[in-house]
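Here is run.cif, consisting of mmCIF, C-alpha atoms and all ligand atoms:
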data_upload
#
loop_
_atom_site.group_PDB
_atom_site.id
_atom_site.type_symbol
_atom_site.label_atom_id
_atom_site.label_comp_id
_atom_site.auth_asym_id
_atom_site.auth_seq_id
_atom_site.Cartn_x
_atom_site.Cartn_y
_atom_site.Cartn_z
ATOM 1 C CA MET A 236 -0.925 -6.088 11.258
ATOM 2 C CA THR A 237 1.529 -3.218 11.016
ATOM 3 C CA ARG A 238 0.224 0.280 11.606
ATOM 4 C CA GLN A 239 3.565 1.975 11.917
ATOM 5 C CA PHE A 240 7.015 0.966 10.739
ATOM 6 C CA LYS A 241 10.275 1.209 12.596
ATOM 7 C CA LEU A 242 13.156 2.074 10.306
ATOM 8 C CA LYS A 243 16.361 0.136 9.884
ATOM 9 C CA PHE A 244 19.008 1.562 7.609
ATOM 10 C CA LEU A 245 21.592 -1.001 6.538
ATOM 11 C CA ASP A 246 23.645 -2.048 3.527
ATOM 12 C CA ASN A 247 22.312 -5.577 3.181
ATOM 13 C CA ILE A 248 18.690 -6.562 3.661
ATOM 14 C CA PRO A 249 18.659 -9.592 6.000
ATOM 15 C CA ASN A 250 17.007 -12.832 4.907
ATOM 16 C CA GLU A 251 14.822 -12.942 7.984
ATOM 17 C CA LEU A 252 12.735 -9.834 8.388
ATOM 18 C CA ASP A 253 10.957 -8.671 11.527
ATOM 19 C CA GLU A 254 7.373 -7.597 11.287
ATOM 20 C CA GLY A 255 6.856 -3.871 11.569
ATOM 21 C CA VAL A 256 10.359 -2.988 10.412
ATOM 22 C CA LEU A 257 11.074 -1.186 7.171
ATOM 23 C CA TYR A 258 14.561 -2.144 6.012
ATOM 24 C CA ILE A 259 16.238 0.426 3.842
ATOM 25 C CA SER A 260 19.426 -0.174 1.900
ATOM 26 C CA MET A 261 20.762 3.001 0.360
ATOM 27 C CA LYS A 262 23.660 0.987 -1.022
ATOM 28 C CA TYR A 263 21.414 -1.252 -3.104
ATOM 29 C CA HIS A 264 18.606 1.275 -3.559
ATOM 30 C CA THR A 265 15.965 -0.958 -2.139
ATOM 31 C CA THR A 266 13.597 -1.365 0.770
ATOM 32 C CA ALA A 267 12.053 -4.516 2.227
ATOM 33 C CA HIS A 268 9.419 -5.271 4.819
ATOM 34 C CA LEU A 269 6.914 -7.932 5.770
ATOM 35 C CA CYS A 270 3.507 -7.236 4.307
ATOM 36 C CA ALA A 271 1.705 -4.796 6.582
ATOM 37 C CA CYS A 272 -1.430 -6.961 6.668
ATOM 38 C CA GLY A 273 0.441 -9.489 8.794
ATOM 39 C CA CYS A 274 0.442 -12.348 6.271
ATOM 40 C CA GLY A 275 4.219 -12.641 6.560
ATOM 41 C CA GLU A 276 5.023 -12.199 2.874
ATOM 42 C CA LYS A 277 8.250 -10.403 2.088
ATOM 43 C CA VAL A 278 7.737 -7.200 0.136
ATOM 44 C CA VAL A 279 10.706 -5.708 -1.690
ATOM 45 C CA ASN A 280 10.403 -2.266 -3.198
ATOM 46 C CA PRO A 281 13.334 -1.169 -5.339
ATOM 47 C CA LEU A 282 13.980 2.549 -5.229
ATOM 48 C CA ASN A 283 13.980 3.908 -8.704
ATOM 49 C CA ARG A 284 12.251 7.027 -9.832
ATOM 50 C CA LYS A 285 11.188 5.493 -13.140
ATOM 51 C CA TYR A 286 10.561 1.833 -12.446
ATOM 52 C CA GLY A 287 10.240 1.613 -8.700
ATOM 53 C CA TRP A 288 9.424 3.665 -5.671
ATOM 54 C CA THR A 289 10.511 7.023 -4.402
ATOM 55 C CA LEU A 290 11.565 7.288 -0.790
ATOM 56 C CA THR A 291 11.230 10.485 1.169
ATOM 57 C CA PHE A 292 13.068 10.764 4.459
ATOM 58 C CA ASP A 293 12.643 13.814 6.664
ATOM 59 C CA GLY A 294 15.245 12.703 9.183
ATOM 60 C CA GLN A 295 12.794 10.662 11.245
ATOM 61 C CA ARG A 296 10.010 9.478 9.020
ATOM 62 C CA VAL A 297 9.911 7.712 5.696
ATOM 63 C CA SER A 298 7.285 7.878 2.998
ATOM 64 C CA LEU A 299 7.188 5.683 -0.067
ATOM 65 C CA SER A 300 5.383 6.488 -3.243
ATOM 66 C CA PRO A 301 3.492 5.259 -5.118
ATOM 67 C CA SER A 302 1.351 2.962 -2.987
ATOM 68 C CA ILE A 303 2.274 -0.669 -2.404
ATOM 69 C CA GLY A 304 -0.111 -3.126 -3.999
ATOM 70 C CA ASN A 305 0.586 -6.724 -3.014
ATOM 71 C CA TYR A 306 -1.620 -8.322 -5.625
ATOM 72 C CA GLN A 307 0.905 -11.124 -6.116
ATOM 73 C CA PHE A 308 0.078 -12.402 -2.610
ATOM 74 C CA PRO A 309 -3.159 -14.065 -1.515
ATOM 75 C CA CYS A 310 -3.897 -11.120 0.819
ATOM 76 C CA CYS A 311 -3.934 -8.593 -2.081
ATOM 77 C CA SER A 312 -3.312 -5.849 0.426
ATOM 78 C CA HIS A 313 -2.827 -2.317 -0.818
ATOM 79 C CA TYR A 314 -1.443 0.479 1.303
ATOM 80 C CA TYR A 315 0.635 3.600 1.467
ATOM 81 C CA ILE A 316 3.592 4.056 3.748
ATOM 82 C CA LYS A 317 3.346 7.681 4.714
ATOM 83 C CA GLU A 318 5.617 9.112 7.412
ATOM 84 C CA ASN A 319 6.221 5.563 8.734
ATOM 85 C CA GLU A 320 2.494 4.960 9.034
ATOM 86 C CA VAL A 321 0.538 2.431 7.054
ATOM 87 C CA LEU A 322 -2.544 3.717 5.322
ATOM 88 C CA PHE A 323 -4.567 0.824 4.003
ATOM 89 C CA LEU A 324 -6.546 1.251 0.827
ATOM 90 C CA ASP A 325 -9.327 -1.238 1.342
ATOM 91 C CA SER A 326 -11.468 -2.136 -1.600
ATOM 92 C CA ASP A 327 -14.251 -0.934 0.714
ATOM 93 C CA ASP A 328 -13.072 2.593 -0.018
ATOM 94 C CA ASP A 329 -14.567 2.296 -3.494
ATOM 95 C CA MET A 330 -17.843 0.918 -2.211
ATOM 96 C CA PRO A 331 -19.797 4.114 -1.488
ATOM 97 C CA HIS A 332 -19.071 5.228 -5.024
ATOM 98 C CA ARG A 333 -20.097 1.887 -6.517
ATOM 99 C CA ARG A 334 -23.183 1.688 -4.338
ATOM 100 C CA GLY A 335 -24.163 5.141 -5.518
ATOM 101 C CA TYR A 336 -23.829 4.007 -9.085
ATOM 102 C CA ILE A 337 -25.947 0.898 -8.578
ATOM 103 C CA ARG A 338 -28.489 2.960 -6.664
ATOM 104 C CA ARG A 339 -28.834 5.351 -9.599
ATOM 105 C CA LEU A 340 -29.185 2.421 -11.996
ATOM 106 C CA ILE A 341 -31.992 0.962 -9.872
ATOM 107 C CA ASP A 342 -33.715 4.367 -9.669
ATOM 108 C CA TRP A 343 -33.545 4.629 -13.436
ATOM 109 C CA PHE A 344 -35.096 1.178 -13.869
ATOM 110 C CA MET A 345 -37.858 1.990 -11.393
ATOM 111 C CA LYS A 346 -38.732 5.124 -13.346
ATOM 112 C CA LEU A 347 -39.202 3.049 -16.492
ATOM 113 C CA PHE A 348 -41.887 0.997 -14.853
ATOM 114 C CA ARG A 349 -43.749 3.821 -13.210
HETATM 115 ZN ZN ZN A 401 -0.299 -9.445 3.237
#
Re-express the file's structure as structure tokens.
Amino acid sequence: MTRQFKLKFLDNIPNELDEGVLYISMKYHTTAHLCACGCGEKVVNPLNRKYGWTLTFDGQRVSLSPSIGNYQFPCCSHYYIKENEVLFLDSDDDMPHRRGYIRRLIDWFMKLFR
């Protein structure tokens, strides 16, 4: 699993990617990396303000927006790359909210039978 990416700026994205490396081609306006979950799938994110991703580079760290959702892979991982770091958006993040909703529904039912 990748928690932090190393950056590699080059013209051509190599065929074989190393895990934990974010490859950035300014020439072809694209980035590529191996899925941060560690499944080994190749993730390519074209840089395009309208149809792709926006890359922010502060001289040392790169952020990509929007988030990267790998729903085409079995892992279905979803994460942000923010200042080289990987912030995973687990489906668990939604759980407290959903649990609260179900809890309220159960409370409502219980009231009916009181
Ligand atoms: Zn993955």
Specify the axis-aligned box that encloses all atoms of stretch 287-292 of chain A listed in the file after padding of 4 Å on each side, stating its centre and edge lengths in Å to one decimal as lines of an AutoDock Vina configuration file.
center_x = 11.2
center_y = 6.2
center_z = -2.1
size_x = 11.6
size_y = 17.2
size_z = 21.2
Q | Residue among A:Thr289, A:Asn305, A:Asn319, A:Ser260 lying closest to ligand ZN 401 (chain A), counting only C-alpha atoms and all ligand atoms | A |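 Result for the nearest residue to ligand ZN 401 (chain A): A:Asn305.
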Between chain A and ligand ZN 401 (chain A), at 8 Å or less, what are the per-residue closest atom pairs and their distances in Å? Count all atoms listed in the file, order by chain and rising residue number, and return it as a tab-separated table.
residue	atom	partner	partner_atom	distance
A:Leu269	CA	A:ZN401	ZN	7.8
A:Cys270	CA	A:ZN401	ZN	4.5
A:Ala271	CA	A:ZN401	ZN	6.1
A:Cys272	CA	A:ZN401	ZN	4.4
A:Gly273	CA	A:ZN401	ZN	5.6
A:Cys274	CA	A:ZN401	ZN	4.3
A:Gly275	CA	A:ZN401	ZN	6.5
A:Glu276	CA	A:ZN401	ZN	6.0
A:Asn305	CA	A:ZN401	ZN	6.9
A:Phe308	CA	A:ZN401	ZN	6.6
A:Pro309	CA	A:ZN401	ZN	7.2
A:Cys310	CA	A:ZN401	ZN	4.6
A:Cys311	CA	A:ZN401	ZN	6.5
A:Ser312	CA	A:ZN401	ZN	5.5
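The interatomic distance for the pair atom CA of A:Asn283 and atom CA of A:Asp325 works out to 25.9 Å.
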Q) So which one's closest to A:Thr237, A:His268, A:Leu324, A:Val279, A:Leu299? Using only C-alpha atoms, please. A)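 Closest residue, counting only C-alpha atoms: A:His268.
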Q: Enumerate, as a count of residues only, the residues matched when the PyMOL selection byres (((chain A and resi 252-256) around 7) and not hetatm) is run on the file above.
A: 13
Q: I would like the residues chosen by the PyMOL selection byres (((chain A and resi 291) around 12) and not hetatm) on the shown file; could you give them as a VMD selection string?
A: chain A and resid 259 282 284 288 to 290 292 to 301 316 to 319
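Counting all atoms listed in the file and comparing A:Phe323, A:Thr265, A:Tyr315, A:Asn247, the residue that lies closest to A:Ile303 is A:Tyr315.
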Q: Rank A:His313, A:Ser302, A:Lys285, A:Asn280 by their smallest atom-to-atom distance to A:His264, using all atoms listed in the file, and report the top residue only.
A: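 Nearest candidate to A:His264 out of A:His313, A:Ser302, A:Lys285, A:Asn280: A:Asn280.
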